[in-house]
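Data from input.cif: mmCIF, C-alpha atoms
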data_model
loop_
_atom_site.label_atom_id
_atom_site.label_comp_id
_atom_site.auth_asym_id
_atom_site.auth_seq_id
_atom_site.Cartn_x
_atom_site.Cartn_y
_atom_site.Cartn_z
CA MET A 193 -75.38 71.11 21.86
CA THR A 194 -79.19 71.18 21.85
CA LEU A 195 -81.24 72.41 18.96
CA LYS A 196 -82.72 75.90 19.02
CA TYR A 197 -86.34 76.27 17.96
CA LEU A 198 -88.19 79.09 16.25
CA ILE A 199 -91.92 78.49 16.70
CA ASP A 200 -94.25 79.61 13.92
CA GLU A 201 -96.59 82.39 15.03
CA ASN A 202 -99.64 80.28 14.13
CA LEU A 203 -98.90 77.48 16.59
CA ASN A 204 -100.74 77.28 19.87
CA PRO A 205 -98.75 79.22 22.53
CA ILE A 206 -98.88 76.13 24.73
CA TYR A 207 -95.95 74.73 22.72
CA PRO A 208 -93.31 77.32 23.66
CA ASN A 209 -94.79 77.80 27.12
CA GLN A 210 -94.66 74.11 28.01
CA ILE A 211 -91.23 73.53 26.51
CA ARG A 212 -89.87 76.49 28.47
CA LEU A 213 -91.44 75.16 31.68
CA ARG A 214 -90.29 71.57 31.23
CA GLU A 215 -86.81 72.22 29.81
CA PRO A 216 -85.72 75.81 30.49
CA ASP A 217 -82.30 75.19 28.92
CA ILE A 218 -83.80 74.70 25.45
CA ILE A 219 -83.53 77.91 23.47
CA ILE A 220 -86.96 78.58 22.03
CA LYS A 221 -88.24 81.70 20.34
CA VAL A 222 -91.56 82.55 18.71
CA VAL A 223 -92.08 84.60 15.56
CA GLY A 224 -93.09 88.07 16.77
CA GLU A 225 -90.99 88.03 19.95
CA SER A 226 -88.04 90.33 20.48
CA ALA A 227 -85.08 89.56 18.20
CA THR A 228 -87.17 87.35 15.87
CA PRO A 229 -88.97 88.10 12.61
CA PRO A 230 -92.15 90.10 13.24
CA LYS A 231 -95.56 88.50 12.89
CA SER A 232 -96.81 88.21 9.30
CA THR A 233 -93.24 87.88 7.98
CA LEU A 234 -93.06 85.97 4.70
CA ASN A 235 -92.02 82.34 5.04
CA LEU A 236 -88.93 82.83 2.86
CA VAL A 237 -87.72 85.56 5.22
CA ILE A 238 -88.35 83.29 8.22
CA LEU A 239 -86.31 80.54 6.55
CA CYS A 240 -83.46 83.01 5.99
CA TRP A 241 -83.63 84.09 9.65
CA CYS A 242 -83.45 80.43 10.75
CA ASP A 243 -80.49 79.91 8.41
CA GLU A 244 -78.62 82.95 9.70
CA ASN A 245 -79.37 82.27 13.38
CA ASN A 246 -79.10 78.46 13.35
CA PHE A 247 -82.68 77.75 14.48
CA VAL A 248 -84.92 74.82 13.52
CA LEU A 249 -88.36 76.03 12.43
CA VAL A 250 -91.35 74.37 14.13
CA THR A 251 -94.57 74.74 12.16
CA ASN A 252 -97.86 73.16 11.12
CA ASN A 253 -97.61 74.58 7.60
CA ARG A 254 -97.85 71.50 5.40
CA THR A 255 -99.34 73.41 2.49
CA SER A 256 -96.83 76.02 1.39
CA MET A 257 -93.71 75.38 3.50
CA PRO A 258 -92.33 72.55 1.30
CA GLY A 259 -92.42 74.89 -1.71
CA HIS A 260 -90.83 77.71 0.25
CA LEU A 261 -88.10 75.34 1.42
CA ALA A 262 -87.45 74.24 -2.18
CA ASP A 263 -87.14 77.88 -3.24
CA HIS A 264 -84.81 78.58 -0.30
CA ILE A 265 -82.54 75.66 -1.18
CA ALA A 266 -82.63 76.51 -4.91
CA VAL A 267 -80.74 79.75 -4.19
CA ASN A 268 -78.07 77.82 -2.26
CA ARG A 269 -79.44 78.69 1.18
CA HIS A 270 -79.51 76.30 4.12
CA ILE A 271 -81.69 75.77 7.17
CA PRO A 272 -80.86 73.63 10.21
CA GLY A 273 -84.23 71.92 9.89
CA ILE A 274 -88.00 72.22 9.76
CA PHE A 275 -90.15 70.19 12.11
CA ILE A 276 -93.78 69.92 11.07
CA LEU A 277 -95.88 68.81 14.02
CA ASN A 278 -97.44 65.38 13.76
CA GLN A 279 -101.19 65.85 13.44
CA ASN A 280 -101.75 62.31 14.74
CA LEU A 281 -100.15 63.12 18.10
CA SER A 282 -101.63 65.10 20.97
CA ILE A 283 -100.19 68.48 21.89
CA ASP A 284 -98.44 66.88 24.86
CA GLU A 285 -96.95 64.14 22.67
CA ASN A 286 -95.69 66.70 20.15
CA ILE A 287 -94.15 68.73 22.98
CA GLU A 288 -92.37 65.61 24.26
CA GLU A 289 -91.08 64.87 20.75
CA LEU A 290 -89.72 68.42 20.46
CA ILE A 291 -88.01 68.17 23.83
CA ILE A 292 -86.46 64.81 23.00
CA GLY A 293 -85.39 66.12 19.61
CA ALA A 294 -83.72 69.16 21.11
CA LEU A 295 -81.88 67.28 23.82
CA ALA A 296 -80.87 64.17 21.89
CA SER A 297 -79.86 65.68 18.55
CA GLU A 298 -76.57 66.92 17.23
CA GLU A 299 -76.49 70.52 16.07
CA ASP A 300 -76.04 69.68 12.36
CA GLU A 301 -78.19 66.54 12.36
CA TYR A 302 -81.14 68.02 10.48
#

Turn the structure described in the file into structure tokens.
Amino acid sequence: MTLKYLIDENLNPIYPNQIRLREPDIIIKVVGESATPPKSTLNLVILCWCDENNFVLVTNNRTSMPGHLADHIAVNRHIPGIFILNQNLSIDENIEELIIGALASEEDEY
């Protein structure tokens, strides 16, 4: 089974758009879309949504997300994974990494 991605609302919309175009079978949602947390939702709530819906969070938030994840885990919660985009890669390279990750990973791998 492929991974399912929830894209942080602050990422460039090219990420979900290109992934959907290149690999339409990958389930990808963006914060603020229908059936996802609304925009401006607190990170802890987003982590809970990912936990409950089995989505890997894709973000650029290197500043506060590690602390939010620690808090989430401290109350015995789980999350399938968090992918923080590699700032040394181009957008296209990051998109390719996300596609490969979704298609080549096991559901509980992260």

message = What does the structure give for the distance between atom CA of Leu239 of chain A and atom CA of Leu203 of chain A, in Å to one decimal?
response = 16.4 Å

message = Taking the file as I've supplied it (selection: the PyMOL selection byres ((chain A and resi 249-254) around 9)), which residues are included? Please answer as a list in words.
response =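 Written out, the selection comes to Lys196, Tyr197, Leu198, Ile199, Asp200, Glu201, Asn202, Leu203, Ile238, Leu239, Cys242, Phe247, Val248, Thr255, Ser256, Met257, Pro258, Ile271, Pro272, Gly273, Ile274, Phe275, Ile276, Leu277, Asn278, Gln279 and Leu290 of chain A.
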
message = Could you tell me how far atom CA of Arg269 of chain A sits from atom CA of Pro230 of chain A, in Å to one decimal place?
response =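 We find that atom CA of Pro230 of chain A and atom CA of Arg269 of chain A lie 20.9 Å from each other.
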
message = Which residues would end up in the selection if the PyMOL selection byres ((chain A and resi 212) around 12) were applied here, given that I need the answer as a list in words?
response =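 That selection, the PyMOL selection byres ((chain A and resi 212) around 12), comes back as Lys196, Tyr197, Pro205, Ile206, Tyr207, Pro208, Asn209, Gln210, Ile211, Leu213, Arg214, Glu215, Pro216, Asp217, Ile218, Ile219, Ile220, Lys221, Val222, Ile287, Glu288, Leu290 and Ile291 of chain A.
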
task = Give me, please, the distance in Å between atom CA of Ile283 of chain A and atom CA of Asn204 of chain A, quoted to one decimal.
result =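 Taking atom CA of Ile283 of chain A as the start and atom CA of Asn204 of chain A as the end point, the length is 9.0 Å.
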
Please provide the set of residues having any atom within 7 Å of Thr194 of chain A, restricted to all atoms listed in the file, with same-chain residues fewer than 5 positions apart removed, written as a CSV table (one decimal) with C-alpha atoms, keeping the file's coordinate frame.
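Just written: result22.csv:
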chain,number,residue,atom,x,y,z
A,218,ILE,CA,-83.8,74.7,25.4
A,294,ALA,CA,-83.7,69.2,21.1
A,295,LEU,CA,-81.9,67.3,23.8
A,297,SER,CA,-79.9,65.7,18.6
A,298,GLU,CA,-76.6,66.9,17.2
A,299,GLU,CA,-76.5,70.5,16.1

request  = Return the single residue from A:Ala296, A:Leu195, A:Leu236, A:Leu281 that is closest to Gly259 of chain A, with distances computed using only C-alpha atoms.
outcome  =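 For Gly259 of chain A, the nearest of the given residues is A:Leu236.
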